[in-house]
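This is data-v6.cif (mmCIF, C-alpha atoms).
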data_data
#
loop_
_atom_site.label_atom_id
_atom_site.label_comp_id
_atom_site.auth_asym_id
_atom_site.auth_seq_id
_atom_site.Cartn_x
_atom_site.Cartn_y
_atom_site.Cartn_z
CA MET B 1 0.00 0.00 0.00
CA HIS B 2 2.58 2.57 1.11
CA SER B 3 5.27 1.39 -1.25
CA PHE B 4 7.93 3.63 -2.81
CA GLY B 5 6.14 3.68 -6.14
CA TYR B 6 2.84 4.66 -4.56
CA ARG B 7 4.41 7.57 -2.66
CA ALA B 8 6.41 8.75 -5.66
CA ASN B 9 3.24 8.72 -7.75
CA ALA B 10 1.32 10.73 -5.14
CA LEU B 11 4.17 13.26 -4.86
CA VAL B 12 4.50 13.76 -8.63
CA THR B 13 0.73 14.08 -9.09
CA PHE B 14 0.50 16.67 -6.33
CA ALA B 15 3.47 18.64 -7.67
CA VAL B 16 2.04 18.73 -11.20
CA THR B 17 -1.39 19.79 -9.90
CA ILE B 18 0.10 22.66 -7.88
CA LEU B 19 2.26 23.74 -10.85
CA ALA B 20 -0.77 23.74 -13.17
CA ALA B 21 -2.81 25.73 -10.65
CA MET B 22 -0.04 28.30 -10.25
CA CYS B 23 0.36 28.66 -14.03
CA SER B 24 -3.38 29.26 -14.45
CA LEU B 25 -3.42 31.78 -11.59
CA ALA B 26 -0.46 33.65 -13.09
CA SER B 27 -2.27 33.79 -16.43
CA LEU B 28 -5.55 34.88 -14.81
CA SER B 29 -3.79 37.64 -12.87
CA ASP B 30 -3.04 39.33 -16.23
CA ASN B 31 -6.73 40.23 -16.43
CA PHE B 32 -6.36 42.64 -13.50
CA ASN B 33 -3.91 44.78 -15.44
CA VAL B 34 -5.62 47.65 -17.28
CA PRO B 35 -3.10 48.93 -19.82
CA THR B 36 -3.01 52.56 -20.96
CA PRO B 37 -0.82 52.52 -24.06
CA THR B 38 -0.03 55.61 -26.09
CA ALA B 39 1.26 55.70 -29.62
CA ASP B 40 1.97 58.18 -32.37
CA VAL B 41 2.94 57.31 -35.94
CA LYS B 42 3.95 59.92 -38.49
CA VAL B 43 4.78 59.51 -42.17
CA LEU B 44 7.75 61.81 -42.60
CA ASN B 45 8.47 61.19 -46.26
CA ILE B 46 7.40 59.24 -49.34
CA ASN B 47 10.84 58.10 -50.50
CA TRP B 48 9.66 56.68 -53.79
CA PHE B 49 6.43 55.46 -55.30
CA GLN B 50 6.27 53.36 -58.43
CA LYS B 51 4.57 50.60 -60.38
CA GLN B 52 6.47 47.33 -60.55
CA PRO B 53 6.90 45.65 -63.96
CA ASN B 54 4.25 43.07 -62.90
CA GLY B 55 1.69 45.83 -62.34
CA ASN B 56 1.68 46.10 -58.55
CA ASP B 57 2.16 49.46 -56.87
CA GLU B 58 5.00 49.75 -54.41
CA VAL B 59 5.80 52.63 -52.09
CA SER B 60 8.65 53.33 -49.71
CA LEU B 61 7.94 55.43 -46.61
CA THR B 62 9.92 56.96 -43.80
CA LEU B 63 8.09 56.61 -40.49
CA ASN B 64 8.47 58.12 -37.08
CA ILE B 65 6.98 55.84 -34.43
CA SER B 66 6.82 56.79 -30.78
CA VAL B 67 5.13 54.47 -28.30
CA ASP B 68 4.76 53.89 -24.61
CA LEU B 69 3.70 50.31 -23.90
CA SER B 70 5.19 50.05 -20.40
CA SER B 71 1.71 49.60 -18.90
CA MET B 72 1.47 46.29 -20.82
CA PHE B 73 4.06 44.61 -18.67
CA THR B 74 3.01 42.49 -15.70
CA TRP B 75 4.95 39.90 -13.78
CA ASN B 76 3.74 37.26 -16.25
CA THR B 77 4.88 39.11 -19.39
CA LYS B 78 7.80 37.65 -21.29
CA GLN B 79 7.82 40.16 -24.12
CA VAL B 80 5.59 42.41 -26.19
CA PHE B 81 5.66 42.16 -29.96
CA VAL B 82 4.75 45.46 -31.57
CA PHE B 83 4.15 46.25 -35.22
CA VAL B 84 2.80 48.97 -37.46
CA ALA B 85 0.59 47.96 -40.37
CA ALA B 86 -0.92 49.93 -43.21
CA GLU B 87 -4.60 49.06 -43.63
CA TYR B 88 -6.75 50.09 -46.59
CA GLU B 89 -9.56 48.93 -48.84
CA THR B 90 -9.42 48.50 -52.61
CA PRO B 91 -12.12 47.62 -55.19
CA GLN B 92 -10.72 44.09 -55.29
CA ASN B 93 -9.93 43.57 -51.62
CA ALA B 94 -12.16 44.27 -48.62
CA LEU B 95 -9.13 44.50 -46.39
CA ASN B 96 -5.43 44.85 -47.01
CA GLN B 97 -3.07 44.68 -44.04
CA VAL B 98 0.57 45.24 -44.82
CA SER B 99 3.04 45.15 -41.97
CA LEU B 100 5.59 47.95 -42.36
CA TRP B 101 7.71 47.70 -39.26
CA ASP B 102 7.88 45.44 -36.20
CA GLY B 103 9.92 45.02 -33.07
CA ILE B 104 10.22 42.99 -29.90
CA ILE B 105 10.12 44.76 -26.55
CA PRO B 106 11.93 42.50 -24.08
CA SER B 107 11.21 44.40 -20.86
CA LYS B 108 9.35 47.28 -19.26
CA GLU B 109 12.46 49.48 -19.36
CA HIS B 110 12.50 49.30 -23.16
CA ALA B 111 8.77 49.84 -23.63
CA LYS B 112 8.90 53.62 -24.05
CA PHE B 113 10.82 54.63 -27.16
CA TRP B 114 10.70 56.32 -30.52
CA ILE B 115 12.19 55.18 -33.79
CA HIS B 116 12.84 56.83 -37.10
CA THR B 117 12.81 54.21 -39.85
CA THR B 118 12.00 53.35 -43.43
CA ASN B 119 9.52 50.51 -43.90
CA LYS B 120 11.14 47.21 -42.91
CA TYR B 121 8.79 45.12 -45.09
CA ARG B 122 7.88 46.10 -48.65
CA PHE B 123 4.64 48.01 -49.00
CA ILE B 124 3.25 46.36 -52.15
CA ASP B 125 -0.39 46.41 -53.20
CA GLN B 126 -2.15 43.52 -54.98
CA GLY B 127 -2.74 45.54 -58.14
CA SER B 128 -2.39 49.20 -58.91
CA ASN B 129 -4.64 51.01 -56.45
CA LEU B 130 -2.29 53.04 -54.30
CA ARG B 131 -2.32 56.38 -56.17
CA GLY B 132 -4.24 58.89 -54.08
CA LYS B 133 -5.22 56.14 -51.61
CA ASP B 134 -6.26 56.96 -48.05
CA PHE B 135 -4.98 54.48 -45.52
CA ASN B 136 -4.84 53.86 -41.77
CA LEU B 137 -1.72 53.12 -39.83
CA THR B 138 -2.46 50.77 -36.96
CA LEU B 139 -0.12 50.02 -34.14
CA HIS B 140 -0.74 46.46 -32.99
CA TRP B 141 0.75 44.74 -29.99
CA HIS B 142 0.85 41.13 -29.01
CA VAL B 143 1.62 40.35 -25.38
CA MET B 144 3.43 37.04 -25.02
CA PRO B 145 3.19 35.70 -21.46
CA LYS B 146 5.62 33.57 -19.48
CA THR B 147 2.75 31.13 -19.27
CA GLY B 148 -0.91 31.09 -20.25
CA LYS B 149 -3.10 33.20 -22.48
CA MET B 150 -1.77 35.65 -25.07
CA PHE B 151 -3.26 39.11 -25.50
CA ALA B 152 -3.43 41.40 -28.51
CA ASP B 153 -4.91 44.80 -29.28
CA LYS B 154 -4.31 47.84 -31.45
CA ILE B 155 -4.50 51.60 -31.82
CA VAL B 156 -5.79 52.86 -35.16
CA LYS B 157 -4.40 56.10 -36.58
CA SER B 158 -6.30 57.29 -39.62
CA GLY B 159 -5.95 60.07 -42.15
CA TYR B 160 -2.86 59.15 -44.14
CA HIS B 161 -2.79 59.87 -47.83
CA LEU B 162 -0.61 58.62 -50.67
CA PRO B 163 0.34 60.98 -53.55
CA GLU B 164 -1.71 61.09 -56.75
CA GLU B 165 1.32 60.50 -58.97
CA TYR B 166 4.27 58.08 -58.96
CA ARG B 167 7.55 59.64 -57.97
CA MET X 1 -7.23 -35.38 -4.22
CA GLY X 2 -10.35 -33.54 -5.24
CA TRP X 3 -9.79 -30.52 -3.01
CA ILE X 4 -6.30 -29.87 -4.50
CA GLY X 5 -7.66 -29.74 -8.00
CA GLU X 6 -10.44 -27.48 -6.79
CA SER X 7 -8.05 -24.98 -5.19
CA VAL X 8 -5.71 -25.00 -8.24
CA GLU X 9 -8.73 -24.31 -10.37
CA SER X 10 -9.82 -21.41 -8.12
CA ILE X 11 -6.31 -19.86 -8.20
CA ARG X 12 -6.15 -20.18 -11.96
CA SER X 13 -9.53 -18.51 -12.41
CA LEU X 14 -8.47 -15.78 -10.00
CA GLN X 15 -5.37 -15.10 -12.08
CA ILE X 16 -7.33 -14.94 -15.30
CA ARG X 17 -9.76 -12.49 -13.70
CA HIS X 18 -6.88 -10.41 -12.40
CA LEU X 19 -5.27 -10.36 -15.83
CA LEU X 20 -8.56 -9.37 -17.46
CA THR X 21 -9.05 -6.50 -14.97
CA GLN X 22 -5.57 -5.23 -15.70
CA ILE X 23 -6.17 -5.35 -19.45
CA VAL X 24 -9.46 -3.50 -19.04
CA SER X 25 -7.89 -0.80 -16.86
CA LEU X 26 -5.04 -0.38 -19.37
CA GLY X 27 -7.64 -0.02 -22.11
CA MET X 28 -9.46 2.60 -20.02
CA ILE X 29 -6.30 4.69 -19.71
CA VAL X 30 -5.63 4.56 -23.45
CA THR X 31 -9.22 5.30 -24.46
CA SER X 32 -9.65 8.18 -21.96
CA ALA X 33 -6.50 9.81 -23.39
CA LEU X 34 -8.01 9.40 -26.85
CA ILE X 35 -11.34 10.86 -25.66
CA ILE X 36 -9.60 13.92 -24.17
CA TRP X 37 -7.66 14.51 -27.42
CA LYS X 38 -10.72 14.12 -29.67
CA GLY X 39 -12.80 16.26 -27.28
CA LEU X 40 -10.21 19.04 -27.49
CA MET X 41 -10.35 18.75 -31.28
CA CYS X 42 -14.12 19.32 -31.15
CA ILE X 43 -13.90 22.27 -28.73
CA THR X 44 -11.03 24.11 -30.42
CA GLY X 45 -12.02 23.28 -33.99
CA SER X 46 -8.41 22.60 -34.82
CA GLU X 47 -7.16 19.27 -36.13
CA SER X 48 -4.29 19.37 -33.63
CA PRO X 49 -5.23 21.43 -30.54
CA VAL X 50 -1.76 21.34 -29.00
CA VAL X 51 1.51 21.69 -30.90
CA VAL X 52 5.12 21.56 -29.79
CA VAL X 53 7.49 24.26 -31.04
CA LEU X 54 10.30 22.48 -32.86
CA SER X 55 12.44 25.31 -34.18
CA GLY X 56 13.92 28.54 -32.89
CA SER X 57 12.35 30.70 -35.59
CA MET X 58 9.99 32.42 -33.13
CA GLU X 59 12.59 33.10 -30.43
CA PRO X 60 12.67 34.70 -27.96
CA GLY X 61 8.88 34.39 -27.75
CA PHE X 62 8.65 30.66 -28.30
CA LYS X 63 11.60 28.39 -27.73
CA ARG X 64 12.10 24.81 -28.83
CA GLY X 65 10.13 22.54 -26.50
CA ASP X 66 7.40 25.03 -25.60
CA ILE X 67 3.81 24.05 -26.31
CA LEU X 68 1.08 26.13 -27.88
CA PHE X 69 -2.68 25.75 -27.59
CA LEU X 70 -4.47 26.31 -30.86
CA HIS X 71 -7.94 27.55 -31.59
CA MET X 72 -9.64 27.64 -34.96
CA SER X 73 -12.63 29.96 -34.84
CA LYS X 74 -14.68 31.37 -37.70
CA ASP X 75 -13.01 34.77 -37.26
CA PRO X 76 -10.91 35.74 -40.26
CA ILE X 77 -7.13 35.66 -39.98
CA ARG X 78 -5.57 39.06 -39.28
CA ALA X 79 -2.04 40.43 -39.30
CA GLY X 80 -0.08 39.86 -36.10
CA GLU X 81 -1.71 36.56 -35.20
CA ILE X 82 0.50 33.55 -34.74
CA VAL X 83 -0.77 30.74 -36.94
CA VAL X 84 0.17 27.13 -37.48
CA PHE X 85 0.13 26.14 -41.12
CA HIS X 86 0.82 23.27 -43.47
CA VAL X 87 2.87 23.72 -46.60
CA ASP X 88 2.25 21.33 -49.50
CA GLY X 89 5.09 18.82 -49.65
CA ARG X 90 6.18 19.37 -46.04
CA GLU X 91 5.11 17.01 -43.31
CA ILE X 92 5.82 19.15 -40.24
CA PRO X 93 3.56 22.18 -39.66
CA ILE X 94 5.15 25.59 -39.07
CA VAL X 95 4.33 28.14 -36.34
CA HIS X 96 4.86 31.72 -37.58
CA ARG X 97 3.36 35.19 -37.42
CA VAL X 98 1.10 36.70 -40.08
CA ILE X 99 2.58 39.91 -41.51
CA LYS X 100 0.39 40.56 -44.55
CA VAL X 101 -3.30 39.89 -45.24
CA HIS X 102 -5.28 40.57 -48.40
CA GLU X 103 -8.96 39.66 -48.15
CA ARG X 104 -11.12 39.53 -51.31
CA GLN X 105 -14.14 41.77 -51.57
CA ASP X 106 -16.54 39.27 -53.19
CA THR X 107 -15.47 35.79 -52.07
CA GLY X 108 -13.84 36.62 -48.75
CA GLU X 109 -10.83 34.48 -49.65
CA VAL X 110 -7.60 35.51 -47.99
CA ASP X 111 -3.99 35.71 -49.11
CA ILE X 112 -1.67 35.47 -46.13
CA LEU X 113 2.07 36.00 -45.79
CA THR X 114 3.89 34.82 -42.68
CA LYS X 115 7.29 35.32 -41.08
CA GLY X 116 9.12 33.95 -38.07
CA ASP X 117 9.95 36.65 -35.51
CA ASN X 118 13.56 35.47 -35.41
CA ASN X 119 13.98 35.05 -39.19
CA PHE X 120 15.33 37.75 -41.45
CA GLY X 121 13.05 37.32 -44.43
CA ASP X 122 9.45 36.29 -44.91
CA ASP X 123 8.37 32.68 -45.45
CA ARG X 124 8.13 32.59 -49.25
CA LEU X 125 11.29 30.46 -49.31
CA LEU X 126 9.59 27.91 -47.05
CA TYR X 127 6.40 27.71 -49.10
CA ALA X 128 5.97 25.26 -51.98
CA HIS X 129 7.87 26.20 -55.12
CA GLY X 130 6.29 29.23 -56.76
CA GLN X 131 3.75 29.75 -53.96
CA LEU X 132 3.46 33.40 -52.95
CA TRP X 133 0.60 33.30 -50.43
CA LEU X 134 -1.04 30.96 -47.94
CA GLN X 135 -4.79 30.42 -48.21
CA GLN X 136 -7.30 29.64 -45.49
CA HIS X 137 -7.05 25.88 -46.06
CA HIS X 138 -3.34 25.88 -45.21
CA ILE X 139 -4.05 27.22 -41.72
CA MET X 140 -4.45 24.63 -38.96
CA GLY X 141 -5.15 27.08 -36.15
CA ARG X 142 -4.05 30.19 -34.36
CA ALA X 143 -2.06 30.14 -31.15
CA VAL X 144 -4.01 31.39 -28.12
CA GLY X 145 -2.11 29.98 -25.16
CA PHE X 146 1.40 29.09 -24.21
CA LEU X 147 3.13 26.75 -21.78
CA PRO X 148 6.93 26.57 -21.54
CA TYR X 149 9.15 23.45 -21.55
CA VAL X 150 6.38 20.81 -21.44
CA GLY X 151 6.98 19.83 -25.06
CA TRP X 152 10.46 18.53 -24.32
CA VAL X 153 8.86 15.24 -23.31
CA THR X 154 7.62 14.62 -26.85
CA ILE X 155 10.81 15.96 -28.45
CA ILE X 156 12.95 13.57 -26.42
CA MET X 157 10.61 10.67 -27.16
CA THR X 158 10.62 11.26 -30.92
CA GLU X 159 14.37 11.77 -31.10
CA LYS X 160 15.32 8.93 -28.74
CA PRO X 161 12.76 6.17 -29.43
CA ILE X 162 14.51 3.83 -26.96
CA ILE X 163 13.37 6.07 -24.09
CA LYS X 164 9.82 5.90 -25.43
CA TYR X 165 9.81 2.09 -25.53
CA LEU X 166 11.43 1.87 -22.08
CA LEU X 167 8.78 4.21 -20.67
CA ILE X 168 5.88 2.37 -22.30
CA GLY X 169 7.34 -0.98 -21.17
CA ALA X 170 7.80 0.21 -17.59
CA LEU X 171 4.28 1.65 -17.44
CA GLY X 172 2.79 -1.52 -18.92
CA LEU X 173 4.69 -3.64 -16.42
CA LEU X 174 3.53 -1.42 -13.58
CA VAL X 175 -0.11 -1.68 -14.63
CA ILE X 176 0.01 -5.46 -15.07
CA THR X 177 1.87 -6.20 -11.83
CA SER X 178 0.03 -3.72 -9.61
CA LYS X 179 -2.24 -5.32 -7.02
CA GLU X 180 -4.68 -2.46 -6.47
#
The structure in this file should be written as structure tokens.
Amino acid sequence: MHSFGYRANALVTFAVTILAAMCSLASLSDNFNVPTPTADVKVLNINWFQKQPNGNDEVSLTLNISVDLSSMFTWNTKQVFVFVAAEYETPQNALNQVSLWDGIIPSKEHAKFWIHTTNKYRFIDQGSNLRGKDFNLTLHWHVMPKTGKMFADKIVKSGYHLPEEYR
Amino acid sequence: MGWIGESVESIRSLQIRHLLTQIVSLGMIVTSALIIWKGLMCITGSESPVVVVLSGSMEPGFKRGDILFLHMSKDPIRAGEIVVFHVDGREIPIVHRVIKVHERQDTGEVDILTKGDNNFGDDRLLYAHGQLWLQQHHIMGRAVGFLPYVGWVTIIMTEKPIIKYLLIGALGLLVITSKE
């Protein structure tokens, strides 16, 4: 009855149960955090804007991104993945989301920063619809926990406008 | 002499009953594991509700040996989500982040481009030859939850099959020999 195997089994089962309970509690505690992020994205320059030989429009932008995501961090946060995407509608597509820049924030100390950058990923349309196009820039974040549920949300900045002519 | 035969007979029948009970309880363990897995498949809507991260392409977010819980809802795929997808001609599914989405106006079909957080370029080199976008049917699920290290058990078992057989053998032996 009280053999070695029996006791070892009971011990391991108990340890795993406690560990699972603590992981779930850590994940649940994230819900008590009410984040107050701030973000500002500016398009400083249209570097060039052209039609590719295959007919797709491509544009190169210079962006200024300043964010404060330090309120995202709790004790269960491993890192926050942040990215800026251009979002717009075309006659062909109900939604186009093109990621322009992204970064990984490893800790709370690095969560308030600004960056001056050209688009990291190519801003290419499916077709030739970008001349004179209005688009939104959305700052998305994706909170990756040490354990448990992942969170994501975004701030939408609207009112950006591409030039009428290629340059 | 009759009573000896009788007692031998009773012991033998006892052993057969014991053996049968053990087989049944072993079967219960196996089937309940199967029920849990299939139940999770129904709840999450994903053909594999739990996946183990096998590569370092999503580091430092996901390391090798971490496990992810997948969910496949009706919601359309959006940029920034971490999805698990199949590529034609590759057996092992890949866990990467969506960086571009183009959703059709009329049909609602989506073109998706993915990238690993730790990789330099996007995933077009990983896709089938000539494939530029992923479609909805390539996606197995999106990651919603995360648990570190637990997946090492399966990695070790697939890479060192001897350990797997030893473990299964030991467990089987334990079940068959146990008295309770």
For the structure provided, state which residues fall under the PyMOL selection byres ((chain B) within 10 of (chain X)), and present them as an NGL selection string.
:B and (1 or 5 or 20 or 23 or 27 or 78-104 or 106 or 121 or 123-126 or 140-153)
One-decimal distance in Å that lies between atom CA of B:Ser66 and atom CA of B:His110:
12.1 Å
Name the residues that the PyMOL selection byres ((chain X and resi 45) around 9) pulls out of this structure, and write them as number ranges by chain.
X: 40-44, 46-49, 70-73, 141
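Using the PyMOL selection byres ((chain B and resi 48) around 12) on this structure selects Asn45, Ile46, Asn47, Phe49, Gln50, Lys51, Gln52, Asp57, Glu58, Val59, Ser60, Leu61, Thr62, Thr118, Asn119, Arg122, Phe123, Leu162, Pro163, Glu165, Tyr166 and Arg167 of chain B.
With atom CA of X:His18 on one side and atom CA of X:Leu171 on the other, the separation reads 17.2 Å.
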